[in-house]
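Undergrad: A single structure is presented below for examination.
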Amino acid sequence: MAETRSSITIKPDLSDYRGLLKALNVMDKEAKSALKEEVFSISSWTAKGIQQAAYAHPYYPAQAAIVAATVRPARDRLPTVYIGGSKGRASGGGNAGQLLFGNEFGGNRNAFGTQSAFPNGGFKFPPRSPREGRGNEGYWIFPTLKAMQPEIRKRWFVAVNKVMDNWARTSI
């Protein structure tokens, strides 16, 4: 049976940060809480950027708006954003999680080879987005994250350094 996904979690690759995360575990509860608050502001900023990008979707901005309503930041040590889920309903009865991947990456056009009386040919999703590397580049979520990534990384390093400096001063 094929697994269906109705949401995605966007987190950074942790392979390079294992040592840093171990060091963060040594901090006391107040420092960990302060770090989560700092990082939550980064996640909120990222979520807001993704939500704003939805309104520039070239094909289906109404669908993108339904998905964008489910974008939410997470309170964690790493900038994390959740997208999708069972909230938000489209006129056909689908929820945001069902629209997420088709709206972001597109779908096969005329998959059944049938003609349709609908103005858009009866297609639920835009055409497949252009290929980039091993996958598709996407329409609004992944291009936005790619553009925001250097600033997210910079803000996260500043937040970690700030919290660790404060923790080091108070723990001496």
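So you can find residues: chains in the structure tokens are A, B, ... in the order shown, residues in each start at 1, and ligands are numbered from 1 in order.
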Neighbours of A:Ala64 within 12 Å (only C-alpha atoms; same-chain residues fewer than 3 positions away dropped), as a JSON list (two decimals) with all heavy atoms, in the first residue's frame?
TA:
[["chain", "number", "residue", "atom", "x", "y", "z"],
["A", 50, "ILE", "N", 6.67, 32.39, 3.60],
["A", 50, "ILE", "CA", 6.03, 31.35, 2.80],
["A", 50, "ILE", "C", 4.57, 31.71, 2.54],
["A", 50, "ILE", "O", 4.08, 31.56, 1.42],
["A", 50, "ILE", "CB", 6.14, 29.98, 3.51],
["A", 50, "ILE", "CG1", 7.60, 29.52, 3.54],
["A", 50, "ILE", "CG2", 5.27, 28.94, 2.81],
["A", 50, "ILE", "CD1", 7.84, 28.32, 4.42],
["A", 51, "GLN", "N", 3.88, 32.20, 3.56],
["A", 51, "GLN", "CA", 2.47, 32.58, 3.39],
["A", 51, "GLN", "C", 2.33, 33.69, 2.36],
["A", 51, "GLN", "O", 1.42, 33.67, 1.53],
["A", 51, "GLN", "CB", 1.88, 33.00, 4.72],
["A", 51, "GLN", "CG", 1.65, 31.86, 5.67],
["A", 51, "GLN", "CD", 1.26, 32.32, 7.06],
["A", 51, "GLN", "OE1", 1.60, 33.42, 7.48],
["A", 51, "GLN", "NE2", 0.54, 31.46, 7.77],
["A", 52, "GLN", "N", 3.21, 34.67, 2.40],
["A", 52, "GLN", "CA", 3.12, 35.78, 1.46],
["A", 52, "GLN", "C", 3.41, 35.32, 0.03],
["A", 52, "GLN", "O", 2.82, 35.83, -0.91],
["A", 52, "GLN", "CB", 4.07, 36.89, 1.87],
["A", 52, "GLN", "CG", 3.64, 37.61, 3.11],
["A", 52, "GLN", "CD", 4.67, 38.61, 3.61],
["A", 52, "GLN", "OE1", 5.81, 38.64, 3.16],
["A", 52, "GLN", "NE2", 4.27, 39.43, 4.57],
["A", 53, "ALA", "N", 4.29, 34.34, -0.12],
["A", 53, "ALA", "CA", 4.63, 33.85, -1.46],
["A", 53, "ALA", "C", 3.45, 33.13, -2.11],
["A", 53, "ALA", "O", 3.39, 33.04, -3.34],
["A", 53, "ALA", "CB", 5.83, 32.92, -1.38],
["A", 54, "ALA", "N", 2.53, 32.62, -1.32],
["A", 54, "ALA", "CA", 1.39, 31.88, -1.87],
["A", 54, "ALA", "C", 0.55, 32.75, -2.79],
["A", 54, "ALA", "O", -0.02, 32.26, -3.77],
["A", 54, "ALA", "CB", 0.52, 31.33, -0.74],
["A", 55, "TYR", "N", 0.47, 34.02, -2.52],
["A", 55, "TYR", "CA", -0.40, 34.90, -3.31],
["A", 55, "TYR", "C", 0.20, 35.25, -4.66],
["A", 55, "TYR", "O", -0.46, 35.87, -5.49],
["A", 55, "TYR", "CB", -0.75, 36.14, -2.49],
["A", 55, "TYR", "CG", -1.50, 35.74, -1.25],
["A", 55, "TYR", "CD1", -0.88, 35.70, -0.01],
["A", 55, "TYR", "CD2", -2.82, 35.31, -1.32],
["A", 55, "TYR", "CE1", -1.56, 35.29, 1.13],
["A", 55, "TYR", "CE2", -3.52, 34.89, -0.20],
["A", 55, "TYR", "CZ", -2.88, 34.88, 1.02],
["A", 55, "TYR", "OH", -3.55, 34.46, 2.13],
["A", 56, "ALA", "N", 1.44, 34.83, -4.91],
["A", 56, "ALA", "CA", 2.07, 35.06, -6.21],
["A", 56, "ALA", "C", 2.09, 33.78, -7.05],
["A", 56, "ALA", "O", 2.78, 33.69, -8.04],
["A", 56, "ALA", "CB", 3.49, 35.57, -6.01],
["A", 57, "HIS", "N", 1.32, 32.75, -6.63],
["A", 57, "HIS", "CA", 1.28, 31.50, -7.37],
["A", 57, "HIS", "C", 0.78, 31.78, -8.79],
["A", 57, "HIS", "O", -0.26, 32.42, -8.96],
["A", 57, "HIS", "CB", 0.35, 30.49, -6.68],
["A", 57, "HIS", "CG", 0.52, 29.09, -7.16],
["A", 57, "HIS", "ND1", 0.13, 28.68, -8.41],
["A", 57, "HIS", "CD2", 1.06, 28.00, -6.57],
["A", 57, "HIS", "CE1", 0.40, 27.40, -8.57],
["A", 57, "HIS", "NE2", 0.97, 26.96, -7.45],
["A", 58, "PRO", "N", 1.52, 31.34, -9.80],
["A", 58, "PRO", "CA", 1.16, 31.72, -11.17],
["A", 58, "PRO", "C", -0.10, 31.06, -11.72],
["A", 58, "PRO", "O", -0.68, 31.57, -12.67],
["A", 58, "PRO", "CB", 2.38, 31.26, -11.98],
["A", 58, "PRO", "CG", 3.00, 30.18, -11.17],
["A", 58, "PRO", "CD", 2.73, 30.53, -9.74],
["A", 59, "TYR", "N", -0.57, 29.96, -11.15],
["A", 59, "TYR", "CA", -1.71, 29.24, -11.72],
["A", 59, "TYR", "C", -2.93, 29.21, -10.81],
["A", 59, "TYR", "O", -4.03, 29.49, -11.24],
["A", 59, "TYR", "CB", -1.32, 27.80, -12.07],
["A", 59, "TYR", "CG", -0.31, 27.72, -13.18],
["A", 59, "TYR", "CD1", 1.04, 27.55, -12.88],
["A", 59, "TYR", "CD2", -0.68, 27.82, -14.50],
["A", 59, "TYR", "CE1", 1.98, 27.47, -13.89],
["A", 59, "TYR", "CE2", 0.25, 27.76, -15.52],
["A", 59, "TYR", "CZ", 1.58, 27.58, -15.21],
["A", 59, "TYR", "OH", 2.49, 27.51, -16.21],
["A", 60, "TYR", "N", -2.75, 28.79, -9.57],
["A", 60, "TYR", "CA", -3.87, 28.57, -8.69],
["A", 60, "TYR", "C", -3.66, 29.29, -7.34],
["A", 60, "TYR", "O", -3.41, 28.65, -6.32],
["A", 60, "TYR", "CB", -4.08, 27.08, -8.43],
["A", 60, "TYR", "CG", -4.49, 26.31, -9.66],
["A", 60, "TYR", "CD1", -3.55, 25.75, -10.49],
["A", 60, "TYR", "CD2", -5.83, 26.16, -9.96],
["A", 60, "TYR", "CE1", -3.94, 25.04, -11.63],
["A", 60, "TYR", "CE2", -6.23, 25.45, -11.08],
["A", 60, "TYR", "CZ", -5.28, 24.90, -11.91],
["A", 60, "TYR", "OH", -5.67, 24.20, -13.03],
["A", 61, "PRO", "N", -3.77, 30.62, -7.30],
["A", 61, "PRO", "CA", -3.55, 31.33, -6.04],
["A", 61, "PRO", "C", -4.59, 31.00, -4.97],
["A", 61, "PRO", "O", -4.29, 31.04, -3.79],
["A", 61, "PRO", "CB", -3.58, 32.80, -6.43],
["A", 61, "PRO", "CG", -4.28, 32.85, -7.74],
["A", 61, "PRO", "CD", -4.05, 31.53, -8.40],
["A", 67, "VAL", "N", -3.60, 26.31, 1.27],
["A", 67, "VAL", "CA", -2.42, 25.65, 1.83],
["A", 67, "VAL", "C", -1.66, 26.62, 2.73],
["A", 67, "VAL", "O", -1.20, 26.26, 3.82],
["A", 67, "VAL", "CB", -1.50, 25.11, 0.71],
["A", 67, "VAL", "CG1", -0.21, 24.56, 1.29],
["A", 67, "VAL", "CG2", -2.22, 24.04, -0.10],
["A", 68, "ALA", "N", -1.54, 27.89, 2.30],
["A", 68, "ALA", "CA", -0.79, 28.89, 3.09],
["A", 68, "ALA", "C", -1.42, 29.12, 4.46],
["A", 68, "ALA", "O", -0.71, 29.46, 5.41],
["A", 68, "ALA", "CB", -0.71, 30.20, 2.32],
["A", 69, "ALA", "N", -2.72, 28.93, 4.56],
["A", 69, "ALA", "CA", -3.38, 29.13, 5.86],
["A", 69, "ALA", "C", -2.94, 28.10, 6.89],
["A", 69, "ALA", "O", -3.12, 28.30, 8.08],
["A", 69, "ALA", "CB", -4.90, 29.08, 5.67],
["A", 70, "THR", "N", -2.34, 27.00, 6.43],
["A", 70, "THR", "CA", -1.90, 25.95, 7.36],
["A", 70, "THR", "C", -0.42, 26.08, 7.72],
["A", 70, "THR", "O", 0.08, 25.27, 8.50],
["A", 70, "THR", "CB", -2.13, 24.56, 6.76],
["A", 70, "THR", "OG1", -1.29, 24.38, 5.61],
["A", 70, "THR", "CG2", -3.58, 24.35, 6.40],
["A", 71, "VAL", "N", 0.29, 27.05, 7.17],
["A", 71, "VAL", "CA", 1.71, 27.23, 7.48],
["A", 71, "VAL", "C", 1.83, 27.76, 8.90],
["A", 71, "VAL", "O", 1.21, 28.75, 9.26],
["A", 71, "VAL", "CB", 2.38, 28.22, 6.49],
["A", 71, "VAL", "CG1", 3.82, 28.47, 6.86],
["A", 71, "VAL", "CG2", 2.28, 27.69, 5.07],
["A", 83, "ILE", "N", 3.67, 22.59, 7.32],
["A", 83, "ILE", "CA", 2.77, 23.00, 6.24],
["A", 83, "ILE", "C", 1.83, 21.84, 5.93],
["A", 83, "ILE", "O", 2.27, 20.71, 5.81],
["A", 83, "ILE", "CB", 3.54, 23.39, 4.96],
["A", 83, "ILE", "CG1", 4.57, 24.48, 5.25],
["A", 83, "ILE", "CG2", 2.58, 23.84, 3.87],
["A", 83, "ILE", "CD1", 5.49, 24.77, 4.10],
["A", 84, "GLY", "N", 0.54, 22.15, 5.79],
["A", 84, "GLY", "CA", -0.43, 21.14, 5.38],
["A", 84, "GLY", "C", -1.22, 20.62, 6.56],
["A", 84, "GLY", "O", -1.36, 21.27, 7.59],
["A", 88, "GLY", "N", -8.41, 23.46, 6.46],
["A", 88, "GLY", "CA", -8.60, 24.18, 5.20],
["A", 88, "GLY", "C", -9.32, 23.32, 4.19],
["A", 88, "GLY", "O", -8.86, 22.23, 3.85],
["A", 89, "ARG", "N", -10.41, 23.77, 3.70],
["A", 89, "ARG", "CA", -11.21, 22.98, 2.75],
["A", 89, "ARG", "C", -11.32, 23.72, 1.42],
["A", 89, "ARG", "O", -11.54, 24.92, 1.37],
["A", 89, "ARG", "CB", -12.62, 22.75, 3.28],
["A", 89, "ARG", "CG", -12.66, 21.85, 4.48],
["A", 89, "ARG", "CD", -12.48, 20.42, 4.04],
["A", 89, "ARG", "NE", -12.41, 19.57, 5.22],
["A", 89, "ARG", "CZ", -11.90, 18.37, 5.20],
["A", 89, "ARG", "NH1", -11.42, 17.87, 4.09],
["A", 89, "ARG", "NH2", -11.87, 17.64, 6.28],
["A", 90, "ALA", "N", -11.17, 22.97, 0.35],
["A", 90, "ALA", "CA", -11.39, 23.49, -1.00],
["A", 90, "ALA", "C", -12.84, 23.23, -1.39],
["A", 90, "ALA", "O", -13.53, 22.44, -0.74],
["A", 90, "ALA", "CB", -10.44, 22.81, -1.98],
["A", 95, "ASN", "N", -8.75, 18.79, 1.45],
["A", 95, "ASN", "CA", -8.17, 19.65, 2.48],
["A", 95, "ASN", "C", -6.80, 20.14, 2.03],
["A", 95, "ASN", "O", -6.29, 19.75, 0.97],
["A", 95, "ASN", "CB", -8.11, 18.92, 3.83],
["A", 95, "ASN", "CG", -7.26, 17.68, 3.79],
["A", 95, "ASN", "OD1", -6.23, 17.62, 3.13],
["A", 95, "ASN", "ND2", -7.70, 16.65, 4.50],
["A", 96, "ALA", "N", -6.19, 20.97, 2.85],
["A", 96, "ALA", "CA", -4.91, 21.58, 2.49],
["A", 96, "ALA", "C", -3.82, 20.54, 2.28],
["A", 96, "ALA", "O", -2.98, 20.68, 1.40],
["A", 96, "ALA", "CB", -4.48, 22.57, 3.57],
["A", 97, "GLY", "N", -3.84, 19.48, 3.06],
["A", 97, "GLY", "CA", -2.84, 18.43, 2.90],
["A", 97, "GLY", "C", -2.96, 17.72, 1.56],
["A", 97, "GLY", "O", -1.96, 17.31, 0.97],
["A", 98, "GLN", "N", -4.17, 17.57, 1.07],
["A", 98, "GLN", "CA", -4.37, 16.93, -0.22],
["A", 98, "GLN", "C", -3.98, 17.85, -1.37],
["A", 98, "GLN", "O", -3.64, 17.39, -2.45],
["A", 98, "GLN", "CB", -5.83, 16.50, -0.36],
["A", 98, "GLN", "CG", -6.20, 15.38, 0.60],
["A", 98, "GLN", "CD", -7.70, 15.14, 0.68],
["A", 98, "GLN", "OE1", -8.49, 16.08, 0.55],
["A", 98, "GLN", "NE2", -8.08, 13.90, 0.90],
["A", 99, "LEU", "N", -4.04, 19.14, -1.15],
["A", 99, "LEU", "CA", -3.67, 20.11, -2.18],
["A", 99, "LEU", "C", -2.18, 20.44, -2.19],
["A", 99, "LEU", "O", -1.65, 20.92, -3.18],
["A", 99, "LEU", "CB", -4.44, 21.43, -1.96],
["A", 99, "LEU", "CG", -5.94, 21.39, -2.07],
["A", 99, "LEU", "CD1", -6.52, 22.75, -1.69],
["A", 99, "LEU", "CD2", -6.36, 21.00, -3.47],
["A", 100, "LEU", "N", -1.51, 20.19, -1.08],
["A", 100, "LEU", "CA", -0.14, 20.67, -0.86],
["A", 100, "LEU", "C", 0.82, 20.31, -1.98],
["A", 100, "LEU", "O", 1.39, 21.20, -2.62],
["A", 100, "LEU", "CB", 0.38, 20.13, 0.48],
["A", 100, "LEU", "CG", 1.84, 20.41, 0.82],
["A", 100, "LEU", "CD1", 2.09, 21.89, 0.92],
["A", 100, "LEU", "CD2", 2.21, 19.72, 2.12],
["A", 101, "PHE", "N", 1.04, 19.05, -2.24],
["A", 101, "PHE", "CA", 2.06, 18.66, -3.20],
["A", 101, "PHE", "C", 1.66, 18.98, -4.64],
["A", 101, "PHE", "O", 2.50, 19.37, -5.44],
["A", 101, "PHE", "CB", 2.41, 17.18, -3.04],
["A", 101, "PHE", "CG", 3.13, 16.92, -1.74],
["A", 101, "PHE", "CD1", 2.46, 16.39, -0.66],
["A", 101, "PHE", "CD2", 4.47, 17.23, -1.61],
["A", 101, "PHE", "CE1", 3.11, 16.17, 0.54],
["A", 101, "PHE", "CE2", 5.13, 17.01, -0.41],
["A", 101, "PHE", "CZ", 4.46, 16.48, 0.67],
["A", 102, "GLY", "N", 0.40, 18.81, -4.99],
["A", 102, "GLY", "CA", -0.06, 19.14, -6.33],
["A", 102, "GLY", "C", 0.04, 20.62, -6.61],
["A", 102, "GLY", "O", 0.44, 21.04, -7.70],
["A", 103, "ASN", "N", -0.29, 21.45, -5.62],
["A", 103, "ASN", "CA", -0.21, 22.89, -5.81],
["A", 103, "ASN", "C", 1.23, 23.36, -5.86],
["A", 103, "ASN", "O", 1.55, 24.30, -6.60],
["A", 103, "ASN", "CB", -0.97, 23.60, -4.70],
["A", 103, "ASN", "CG", -1.08, 25.08, -4.93],
["A", 103, "ASN", "OD1", -0.34, 25.85, -4.34],
["A", 103, "ASN", "ND2", -1.98, 25.47, -5.82],
["A", 104, "GLU", "N", 2.12, 22.74, -5.11],
["A", 104, "GLU", "CA", 3.53, 23.15, -5.08],
["A", 104, "GLU", "C", 4.31, 22.64, -6.29],
["A", 104, "GLU", "O", 5.08, 23.37, -6.89],
["A", 104, "GLU", "CB", 4.21, 22.68, -3.79],
["A", 104, "GLU", "CG", 5.71, 22.89, -3.76],
["A", 104, "GLU", "CD", 6.15, 24.35, -3.82],
["A", 104, "GLU", "OE1", 5.31, 25.26, -3.77],
["A", 104, "GLU", "OE2", 7.36, 24.58, -3.91],
["A", 105, "PHE", "N", 4.11, 21.38, -6.68],
["A", 105, "PHE", "CA", 4.93, 20.79, -7.74],
["A", 105, "PHE", "C", 4.18, 20.53, -9.03],
["A", 105, "PHE", "O", 4.78, 20.17, -10.03],
["A", 105, "PHE", "CB", 5.54, 19.48, -7.24],
["A", 105, "PHE", "CG", 6.47, 19.67, -6.08],
["A", 105, "PHE", "CD1", 6.11, 19.20, -4.83],
["A", 105, "PHE", "CD2", 7.66, 20.34, -6.23],
["A", 105, "PHE", "CE1", 6.95, 19.38, -3.75],
["A", 105, "PHE", "CE2", 8.51, 20.53, -5.15],
["A", 105, "PHE", "CZ", 8.15, 20.04, -3.91],
["A", 106, "GLY", "N", 2.87, 20.70, -9.02],
["A", 106, "GLY", "CA", 2.09, 20.47, -10.22],
["A", 106, "GLY", "C", 1.70, 19.02, -10.38],
["A", 106, "GLY", "O", 2.03, 18.18, -9.54],
["A", 125, "PHE", "N", -4.51, 20.60, -10.75],
["A", 125, "PHE", "CA", -3.25, 21.22, -10.38],
["A", 125, "PHE", "C", -2.56, 21.83, -11.58],
["A", 125, "PHE", "O", -2.85, 21.46, -12.72],
["A", 125, "PHE", "CB", -2.32, 20.18, -9.73],
["A", 125, "PHE", "CG", -2.91, 19.53, -8.52],
["A", 125, "PHE", "CD1", -3.17, 18.18, -8.48],
["A", 125, "PHE", "CD2", -3.22, 20.28, -7.40],
["A", 125, "PHE", "CE1", -3.72, 17.58, -7.37],
["A", 125, "PHE", "CE2", -3.78, 19.69, -6.28],
["A", 125, "PHE", "CZ", -4.03, 18.34, -6.26],
["A", 126, "PRO", "N", -1.66, 22.75, -11.35],
["A", 126, "PRO", "CA", -0.92, 23.35, -12.47],
["A", 126, "PRO", "C", -0.01, 22.31, -13.12],
["A", 126, "PRO", "O", 0.19, 21.21, -12.58],
["A", 126, "PRO", "CB", -0.10, 24.45, -11.78],
["A", 126, "PRO", "CG", 0.00, 24.05, -10.36],
["A", 126, "PRO", "CD", -1.25, 23.28, -10.06],
["A", 139, "TYR", "N", 6.67, 25.75, -7.02],
["A", 139, "TYR", "CA", 6.13, 27.03, -7.45],
["A", 139, "TYR", "C", 6.28, 28.14, -6.41],
["A", 139, "TYR", "O", 6.57, 29.27, -6.76],
["A", 139, "TYR", "CB", 4.64, 26.89, -7.81],
["A", 139, "TYR", "CG", 4.43, 26.29, -9.17],
["A", 139, "TYR", "CD1", 3.91, 25.01, -9.30],
["A", 139, "TYR", "CD2", 4.76, 26.97, -10.31],
["A", 139, "TYR", "CE1", 3.72, 24.44, -10.54],
["A", 139, "TYR", "CE2", 4.58, 26.42, -11.56],
["A", 139, "TYR", "CZ", 4.05, 25.16, -11.68],
["A", 139, "TYR", "OH", 3.88, 24.60, -12.91],
["A", 140, "TRP", "N", 6.08, 27.85, -5.12],
["A", 140, "TRP", "CA", 6.13, 28.94, -4.16],
["A", 140, "TRP", "C", 6.77, 28.58, -2.84],
["A", 140, "TRP", "O", 7.45, 29.41, -2.24],
["A", 140, "TRP", "CB", 4.73, 29.55, -3.94],
["A", 140, "TRP", "CG", 3.68, 28.58, -3.50],
["A", 140, "TRP", "CD1", 3.03, 27.66, -4.25],
["A", 140, "TRP", "CD2", 3.15, 28.44, -2.18],
["A", 140, "TRP", "NE1", 2.13, 26.94, -3.49],
["A", 140, "TRP", "CE2", 2.17, 27.41, -2.21],
["A", 140, "TRP", "CE3", 3.39, 29.09, -0.98],
["A", 140, "TRP", "CZ2", 1.46, 27.02, -1.09],
["A", 140, "TRP", "CZ3", 2.67, 28.69, 0.14],
["A", 140, "TRP", "CH2", 1.71, 27.68, 0.07],
["A", 141, "ILE", "N", 6.63, 27.38, -2.33],
["A", 141, "ILE", "CA", 7.21, 27.03, -1.02],
["A", 141, "ILE", "C", 8.72, 26.87, -1.13],
["A", 141, "ILE", "O", 9.49, 27.57, -0.45],
["A", 141, "ILE", "CB", 6.57, 25.75, -0.45],
["A", 141, "ILE", "CG1", 5.07, 25.96, -0.22],
["A", 141, "ILE", "CG2", 7.26, 25.35, 0.85],
["A", 141, "ILE", "CD1", 4.31, 24.68, 0.11]]
Undergrad: Might you pull out every residue within 10 Å of A:Glu37, with only C-alpha atoms counted and same-chain residues fewer than 6 positions away left off, and present them as a VMD selection string?
TA: chain A and resid 31 43 75 to 77 159
Undergrad: Using only C-alpha atoms, can you tell me which of A:Arg18, A:Lys36, A:Arg134, A:Arg128 comes closest to A:Pro79?
TA: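 Nearest to A:Pro79: A:Lys36.
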Undergrad: Using DSSP on the backbone coordinates, identify all residues within chain A classified as helix (DSSP H, G or I); present the result as number ranges by chain.
TA: A: 18-26, 29-54, 61-68, 96-105, 141-171
Undergrad: Those selected residues, please, written with C-alpha atoms and delivered as an mmCIF file, in the first residue's frame.
TA:
data_model
loop_
_atom_site.group_PDB
_atom_site.id
_atom_site.type_symbol
_atom_site.label_atom_id
_atom_site.label_comp_id
_atom_site.auth_asym_id
_atom_site.auth_seq_id
_atom_site.Cartn_x
_atom_site.Cartn_y
_atom_site.Cartn_z
ATOM 1 C CA ARG A 18 25.460 17.268 15.809
ATOM 2 C CA GLY A 19 28.256 18.622 18.044
ATOM 3 C CA LEU A 20 26.528 21.954 18.472
ATOM 4 C CA LEU A 21 23.234 20.286 19.388
ATOM 5 C CA LYS A 22 25.045 18.183 22.016
ATOM 6 C CA ALA A 23 26.501 21.395 23.465
ATOM 7 C CA LEU A 24 23.038 22.960 23.551
ATOM 8 C CA ASN A 25 21.771 20.000 25.597
ATOM 9 C CA VAL A 26 24.230 20.903 28.376
ATOM 10 C CA LYS A 29 16.321 25.068 31.266
ATOM 11 C CA GLU A 30 16.257 28.873 31.152
ATOM 12 C CA ALA A 31 18.881 28.976 28.400
ATOM 13 C CA LYS A 32 17.092 26.262 26.421
ATOM 14 C CA SER A 33 13.827 28.165 26.764
ATOM 15 C CA ALA A 34 15.508 31.398 25.645
ATOM 16 C CA LEU A 35 16.936 29.629 22.606
ATOM 17 C CA LYS A 36 13.524 28.232 21.693
ATOM 18 C CA GLU A 37 12.019 31.728 21.931
ATOM 19 C CA GLU A 38 14.767 33.202 19.710
ATOM 20 C CA VAL A 39 14.383 30.409 17.158
ATOM 21 C CA PHE A 40 10.585 30.641 17.250
ATOM 22 C CA SER A 41 10.888 34.226 15.968
ATOM 23 C CA ILE A 42 13.008 32.938 13.055
ATOM 24 C CA SER A 43 10.461 30.200 12.321
ATOM 25 C CA SER A 44 7.643 32.781 12.466
ATOM 26 C CA TRP A 45 9.499 35.040 10.031
ATOM 27 C CA THR A 46 10.019 32.077 7.686
ATOM 28 C CA ALA A 47 6.367 31.016 7.916
ATOM 29 C CA LYS A 48 5.239 34.571 7.136
ATOM 30 C CA GLY A 49 7.488 34.627 4.040
ATOM 31 C CA ILE A 50 6.034 31.348 2.800
ATOM 32 C CA GLN A 51 2.474 32.576 3.387
ATOM 33 C CA GLN A 52 3.118 35.775 1.458
ATOM 34 C CA ALA A 53 4.628 33.850 -1.460
ATOM 35 C CA ALA A 54 1.392 31.878 -1.872
ATOM 36 C CA PRO A 61 -3.547 31.326 -6.036
ATOM 37 C CA ALA A 62 -6.836 30.293 -4.361
ATOM 38 C CA GLN A 63 -5.517 26.755 -3.814
ATOM 39 C CA ALA A 64 -2.199 28.154 -2.591
ATOM 40 C CA ALA A 65 -4.053 30.408 -0.141
ATOM 41 C CA ILE A 66 -5.784 27.353 1.369
ATOM 42 C CA VAL A 67 -2.415 25.652 1.827
ATOM 43 C CA ALA A 68 -0.795 28.885 3.088
ATOM 44 C CA ALA A 96 -4.906 21.580 2.493
ATOM 45 C CA GLY A 97 -2.842 18.429 2.897
ATOM 46 C CA GLN A 98 -4.374 16.933 -0.223
ATOM 47 C CA LEU A 99 -3.673 20.112 -2.183
ATOM 48 C CA LEU A 100 -0.141 20.665 -0.856
ATOM 49 C CA PHE A 101 2.063 18.664 -3.205
ATOM 50 C CA GLY A 102 -0.056 19.140 -6.334
ATOM 51 C CA ASN A 103 -0.207 22.887 -5.809
ATOM 52 C CA GLU A 104 3.530 23.152 -5.081
ATOM 53 C CA PHE A 105 4.930 20.792 -7.737
ATOM 54 C CA ILE A 141 7.206 27.034 -1.020
ATOM 55 C CA PHE A 142 10.592 25.669 -2.041
ATOM 56 C CA PRO A 143 11.718 28.681 -4.144
ATOM 57 C CA THR A 144 10.846 30.942 -1.192
ATOM 58 C CA LEU A 145 12.782 28.763 1.244
ATOM 59 C CA LYS A 146 15.747 28.640 -1.111
ATOM 60 C CA ALA A 147 15.811 32.447 -1.261
ATOM 61 C CA MET A 148 15.377 32.787 2.528
ATOM 62 C CA GLN A 149 17.900 30.090 3.484
ATOM 63 C CA PRO A 150 21.021 32.302 3.833
ATOM 64 C CA GLU A 151 19.155 34.723 6.109
ATOM 65 C CA ILE A 152 17.607 31.881 8.143
ATOM 66 C CA ARG A 153 21.068 30.386 8.692
ATOM 67 C CA LYS A 154 22.539 33.756 9.665
ATOM 68 C CA ARG A 155 19.724 34.550 12.112
ATOM 69 C CA TRP A 156 19.967 31.085 13.676
ATOM 70 C CA PHE A 157 23.723 31.385 14.254
ATOM 71 C CA VAL A 158 23.227 34.838 15.818
ATOM 72 C CA ALA A 159 20.496 33.466 18.112
ATOM 73 C CA VAL A 160 22.599 30.477 19.192
ATOM 74 C CA ASN A 161 25.638 32.655 19.877
ATOM 75 C CA LYS A 162 23.554 35.153 21.849
ATOM 76 C CA VAL A 163 21.976 32.486 24.057
ATOM 77 C CA MET A 164 25.232 30.595 24.568
ATOM 78 C CA ASP A 165 27.088 33.816 25.499
ATOM 79 C CA ASN A 166 24.385 34.743 28.018
ATOM 80 C CA TRP A 167 24.410 31.204 29.437
ATOM 81 C CA ALA A 168 28.200 31.195 29.720
ATOM 82 C CA ARG A 169 28.172 34.553 31.583
ATOM 83 C CA THR A 170 25.490 33.444 34.058
ATOM 84 C CA SER A 171 26.882 29.962 34.657
#
Undergrad: Have a look at atom CA of A:Gly85 and atom CA of A:Pro73 and let me know their distance in Å, one decimal.
TA: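 According to the coordinates, atom CA of A:Gly85 and atom CA of A:Pro73 are separated by 13.7 Å.
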Undergrad: What's the separation between atom CA of A:Ser15 and atom CA of A:Glu137, in Å to one decimal place?
TA: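 Here the two named atoms are 23.2 Å from each other.
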Undergrad: Name the closest residue to A:Asp13 among the candidates A:Thr80, A:Ser86, A:Asn136, A:Ser91; distances are taken between atoms, counting only C-alpha atoms.
TA: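 The closest residue to A:Asp13 is A:Thr80.
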Undergrad: To test your reading of the structure, identify every residue in stretch 23-146 of chain A that backbone DSSP assigns to strand (DSSP E), and report it as a ChimeraX atom specification.
TA: /A:72-73,81-84,131-132,135-136
Undergrad: How would the residues just chosen look if you wrote them out with N, CA and C atoms as a CSV table (one decimal), in the first residue's frame?
TA:
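Result file again.csv:
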chain,number,residue,atom,x,y,z
A,72,ARG,N,2.6,27.1,9.7
A,72,ARG,CA,2.8,27.5,11.1
A,72,ARG,C,4.2,27.2,11.6
A,73,PRO,N,4.7,28.1,12.4
A,73,PRO,CA,6.0,27.9,13.0
A,73,PRO,C,6.0,26.9,14.2
A,81,VAL,N,9.2,24.7,10.3
A,81,VAL,CA,7.9,25.2,9.8
A,81,VAL,C,7.1,24.0,9.4
A,82,TYR,N,5.8,23.9,9.8
A,82,TYR,CA,4.9,22.9,9.4
A,82,TYR,C,4.0,23.4,8.3
A,83,ILE,N,3.7,22.6,7.3
A,83,ILE,CA,2.8,23.0,6.2
A,83,ILE,C,1.8,21.8,5.9
A,84,GLY,N,0.5,22.1,5.8
A,84,GLY,CA,-0.4,21.1,5.4
A,84,GLY,C,-1.2,20.6,6.6
A,131,ARG,N,12.2,21.0,-13.7
A,131,ARG,CA,13.1,20.1,-13.0
A,131,ARG,C,14.2,20.9,-12.4
A,132,GLU,N,14.7,20.4,-11.2
A,132,GLU,CA,15.9,21.0,-10.6
A,132,GLU,C,16.6,19.9,-9.9
A,135,GLY,N,14.7,16.5,-8.4
A,135,GLY,CA,13.2,16.7,-8.3
A,135,GLY,C,12.8,17.9,-9.0
A,136,ASN,N,11.6,18.4,-8.7
A,136,ASN,CA,11.1,19.6,-9.3
A,136,ASN,C,11.4,20.8,-8.4
Undergrad: If you measure from atom CA of A:Ser7 to atom CA of A:Pro127, what distance in Å do you get, rounded to one decimal?
TA: 20.8 Å
Undergrad: I need the residue nearest A:Ser6 from this list: A:Lys87, A:Gly138, A:Ser129, A:Asp28. Use only C-alpha atoms for the distance.
TA: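 Going through A:Lys87, A:Gly138, A:Ser129, A:Asp28 one by one, the smallest distance to A:Ser6 is for A:Lys87.
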